[in-house]
Amino acid sequence: MFGHVFSRRTSFLVRCFHVAKKFSNPEPEDILFSALCLNLRQRRWNTLHQFSSSLTNPLISRVLREFRSSPKLALEFYNWVLRSNTVAKSENRFEASCVMIHLLVGSRRFDDALSIMANLMSVEGEKLSPLHVLSGLIRSYQACGSSPDVFDSLVRACTQNGDAQGAYEVIEQTRAEGFCVSVHALNNFMGCLLNVNEIDRFWKVYKEMDSLGYVENVNTFNLVIYSFCKESKLFEALSVFYRMLKCGVWPNVVSFNMMIDGACKTGDMRFALQLLGKMGMMSGNFVSPNAVTYNSVINGFCKAGRLDLAERIRGDMVKSGVDCNERTYGALVDAYGRAGSSDEALRLCDEMTSKGLVVNTVIYNSIVYWLFMEGDIEGAMSVLRDMNSKNMQIDRFTQAIVVRGLCRNGYVKEAVEFQRQISEKKLVEDIVCHNTLMHHFVRDKKLACADQILGSMLVQGLSLDAISFGTLIDGYLKEGKLERALEIYDGMIKMNKTPNLVIYNSIVNGLSKRGMAGAAEAVVNAMEIKDIVTYNTLLNESLKTGNVEEADDILSKMQKQDGEKSVSLVTYNIMINHLCKFGSYEKAKEVLKFMVERGVVPDSITYGTLITSFSKHRSQEKVVELHDYLILQGVTPHEHIYLSIVRPLLDRENGRP
DNA sequence: ATAGGGTTAG
């Protein structure tokens, strides 16, 4: 046994000696290099470990390059270098990483290259800027005999991280250095711009493509289609499709999927179905629907409340041999929950499990959400426990759903407790949850509790947003606690947060309601922009005080501001309310007719205001007539007012007690 | 590349 070890060791030394002898004047580094290579080839990590203290930057790079044709081994060596603490210094990491990236890209192992780049740029990693990484790659470019594909990969690493600006800088700097990224990288960048909703910038880059010598390919066309679909411009998307055909570029399934999904999202299911049916014909029989296509349509019908049609499409999907996946079930589970059939939703979960599909967090969240909406707290909490017992990841959606679900069902205390447990587990903190809690405390007039949430957010170092401040400011103003409201306002200013329109409107409303018209007016005058809510608040105040001239003035300002757009349903409700209070019932009815003609559908507030007033001051026939008219306009009656005023009248008409 | 879950302030 020992003899065996000895002979291996001897042969190793002899081989080293041979290699060394080849050089006329062997440098120590050359000997070390050969030894490293020999041991690495045999994966003798223990032996290699003895060299770890002698490793230098150039040596590491040299070994990595030596193994360019066995990237797997090179990667093992790279990882070993990173792990051995003695050389884990940042500069070493960086240079070795750059060489490794070149090798991986050269052998088309893009995912491995991307993950190294992502790590270099991530907060947990080295936190290097994309341009810094680029400079490192360029420095080692020649020695590694690399190709511009590495720059494409770096762009990709940025876009995968949602860093459009980084991708842009890399593309620009690459060009400045005399290289060029491919059209694929440019497509990646443009896709990233769309994903972060920088539509204008997308178009700018798209228009510059040609002059930079790029020829748009099917992916580019698809992005243009996507950008139109994002803005619900289906007609324009379709015309890009035809332009693509004219350019001799063949559409693929993604081209269709984007348009079909766009149609579904705008609720145009007819168009979606047309496209689905004509995909073959429109593509010279080259393209047929895949799971994404079917799932988009299924989801479209689910959201439109047409489960019957969604199920029919699922039937088509199965018939055409496309397997249902998690997304298919996700859409259906959500729809059954929405329709109040949580049992069926849970049955579908069993079905997917039996097919080997995983019921993931998104699907669980759907179920929990709809159970809460139904008021089935027990059911919701038991599904949540089920998630826990299955070690299912709880995400910020789950948190928001549970916190809101508990609050809206009156379990605010329990929601706070849930939130506290989340904080303890150090899961992702979501401001929305805290804001929701504050909102419910404010609604229940428990301002001290809301304030406590604010305090705990500060303690946890969470950044507060405009909604956090706005909720409290509005709450205190409504309670008449002007001082505390102003304190919070000052706090916001001290934290360098700019109050937004909602907060200003809230203040204007609060001051007016406290009878501080002068102060309210001062705030209004200081406001740079005003919106419908501002005007509605002012209109309501002036009508309340009987200042018709001022009201008239505000109305004409509103019409000037944004044309008709700034006159809203609320505006009409305010006018109707005050006309009724003045006893001008016929005028109120005129306003009602006027708004209906403008295509503004009255709501239950309109209904309640008019019916209440008419029942006090007009004949019963007039009340019933008004009710019928409103129903005809598609108004949902105010439940309480319908039951207490209108139904008794209708019953009497029909001879019922 | 394209498809899923939530919504908190006037």
# chains A, B, ... in the order shown; residues from 1 in each chain; ligands from 1
$ closest_atom_pairs --of "chain A" --to "chain B" --cutoff "8 Å" --atoms "only C-alpha atoms (C1' of nucleotides)" --output "Markdown table"
| residue | atom | partner | partner_atom | distance |
| --- | --- | --- | --- | --- |
| A:Gly191 | CA | B:DA1 | C1' | 7.5 |
| A:Asn219 | CA | B:DA1 | C1' | 6.7 |
| A:Asn222 | CA | B:DA1 | C1' | 7.9 |
| A:Leu223 | CA | B:DA1 | C1' | 7.8 |
| A:Val254 | CA | B:DT2 | C1' | 5.2 |
| A:Ser255 | CA | B:DT2 | C1' | 7.6 |
| A:Asn257 | CA | B:DT2 | C1' | 5.7 |
| A:Met258 | CA | B:DT2 | C1' | 5.4 |
| A:Asp261 | CA | B:DA3 | C1' | 7.5 |
| A:Val292 | CA | B:DA3 | C1' | 5.0 |
| A:Thr293 | CA | B:DA3 | C1' | 7.2 |
| A:Asn295 | CA | B:DA3 | C1' | 5.7 |
| A:Ser296 | CA | B:DA3 | C1' | 5.1 |
| A:Arg327 | CA | B:DG4 | C1' | 5.5 |
| A:Gly330 | CA | B:DG4 | C1' | 5.9 |
| A:Ala331 | CA | B:DG4 | C1' | 6.2 |
| A:Val362 | CA | B:DG5 | C1' | 4.8 |
| A:Ile363 | CA | B:DG5 | C1' | 6.7 |
| A:Asn365 | CA | B:DG5 | C1' | 5.8 |
| A:Ser366 | CA | B:DG5 | C1' | 5.4 |
| A:Phe397 | CA | B:DG6 | C1' | 5.8 |
| A:Ala400 | CA | B:DG6 | C1' | 6.4 |
| A:Ile401 | CA | B:DG6 | C1' | 6.1 |
| A:Val432 | CA | B:DT8 | C1' | 5.6 |
| A:Cys433 | CA | B:DT8 | C1' | 7.5 |
| A:Asn435 | CA | B:DT8 | C1' | 5.2 |
| A:Thr436 | CA | B:DT8 | C1' | 4.9 |
| A:His439 | CA | B:DT8 | C1' | 7.0 |
| A:Ala466 | CA | B:DA9 | C1' | 7.7 |
| A:Ile467 | CA | B:DA9 | C1' | 4.8 |
| A:Ser468 | CA | B:DA9 | C1' | 7.1 |
| A:Phe469 | CA | B:DA9 | C1' | 7.7 |
| A:Gly470 | CA | B:DA9 | C1' | 4.7 |
| A:Thr471 | CA | B:DA9 | C1' | 4.4 |
| A:Asp474 | CA | B:DA9 | C1' | 7.4 |
| A:Val502 | CA | B:DG10 | C1' | 4.7 |
| A:Ile503 | CA | B:DG10 | C1' | 6.5 |
| A:Tyr504 | CA | B:DG10 | C1' | 7.8 |
| A:Asn505 | CA | B:DG10 | C1' | 5.2 |
| A:Ser506 | CA | B:DG10 | C1' | 4.6 |
| A:Asn509 | CA | B:DG10 | C1' | 7.9 |
| A:Val533 | CA | B:DG10 | C1' | 6.9 |
$ write_last_selection --atoms "C-alpha atoms" --output "JSON list (two decimals), in the first residue's frame"
[["chain", "number", "residue", "atom", "x", "y", "z"],
["A", 191, "GLY", "CA", -35.76, 43.90, -24.60],
["A", 219, "ASN", "CA", -36.16, 38.91, -32.52],
["A", 222, "ASN", "CA", -40.77, 40.60, -32.10],
["A", 223, "LEU", "CA", -39.60, 43.28, -29.69],
["A", 254, "VAL", "CA", -43.07, 34.15, -30.27],
["A", 255, "SER", "CA", -44.29, 36.71, -32.83],
["A", 257, "ASN", "CA", -47.65, 34.70, -28.87],
["A", 258, "MET", "CA", -46.91, 38.35, -28.26],
["A", 261, "ASP", "CA", -51.24, 37.77, -25.39],
["A", 292, "VAL", "CA", -47.32, 29.78, -24.11],
["A", 293, "THR", "CA", -49.89, 30.42, -26.84],
["A", 295, "ASN", "CA", -51.78, 29.59, -21.73],
["A", 296, "SER", "CA", -52.19, 33.19, -22.89],
["A", 327, "ARG", "CA", -48.91, 28.14, -15.79],
["A", 330, "GLY", "CA", -52.10, 28.52, -12.30],
["A", 331, "ALA", "CA", -54.52, 30.41, -14.53],
["A", 362, "VAL", "CA", -47.80, 31.58, -7.04],
["A", 363, "ILE", "CA", -50.59, 29.01, -7.19],
["A", 365, "ASN", "CA", -50.96, 32.53, -3.20],
["A", 366, "SER", "CA", -53.93, 32.55, -5.56],
["A", 397, "PHE", "CA", -47.00, 38.39, -2.41],
["A", 400, "ALA", "CA", -49.28, 41.14, 1.28],
["A", 401, "ILE", "CA", -52.18, 38.76, 0.68],
["A", 432, "VAL", "CA", -46.80, 47.59, 1.28],
["A", 433, "CYS", "CA", -47.62, 45.32, 4.21],
["A", 435, "ASN", "CA", -48.71, 50.57, 4.81],
["A", 436, "THR", "CA", -51.69, 48.24, 4.70],
["A", 439, "HIS", "CA", -54.27, 52.07, 6.61],
["A", 466, "ALA", "CA", -45.14, 58.63, 0.14],
["A", 467, "ILE", "CA", -47.96, 56.22, 0.91],
["A", 468, "SER", "CA", -46.70, 55.63, 4.46],
["A", 469, "PHE", "CA", -46.64, 59.36, 5.16],
["A", 470, "GLY", "CA", -49.79, 60.08, 3.20],
["A", 471, "THR", "CA", -51.79, 57.49, 5.11],
["A", 474, "ASP", "CA", -54.61, 61.98, 6.09],
["A", 502, "VAL", "CA", -52.05, 63.09, -3.06],
["A", 503, "ILE", "CA", -50.57, 64.46, 0.14],
["A", 504, "TYR", "CA", -51.24, 68.06, -0.85],
["A", 505, "ASN", "CA", -54.81, 67.19, -1.75],
["A", 506, "SER", "CA", -55.19, 65.46, 1.56],
["A", 509, "ASN", "CA", -59.18, 68.62, 2.16],
["A", 533, "VAL", "CA", -59.06, 65.51, -6.92]]
$ select_by_dssp --residues "range 281-464 of chain A" --states "helix (DSSP H, G or I)" --output "PyMOL selection string"
chain A and resi 281-282+291-303+307-319+326-338+342-354+361-374+377-389+396-408+412-424+431-443+447-459
$ residues_around --residues "Ala335 in chain A" --least-positions-apart "5" --cutoff "8 Å" --atoms "only C-alpha atoms (C1' of nucleotides)" --output "list in words"
Cys302, Lys303, Gly305 and Leu307 of chain A
$ atom_distance --atom1 "CA of Leu543 in chain A" --atom2 "CA of His578 in chain A"
6.6 Å
$ residues_around --residues "range 75-82 of chain A" --least-positions-apart "5" --cutoff "10 Å" --atoms "only C-alpha atoms (C1' of nucleotides)" --output "PyMOL selection string"
chain A and resi 36-37+40-41+43+45+48-49+52+55+60-61+63-64+67-68+70+87-90+92-93+96-97+99-101+103-104+112
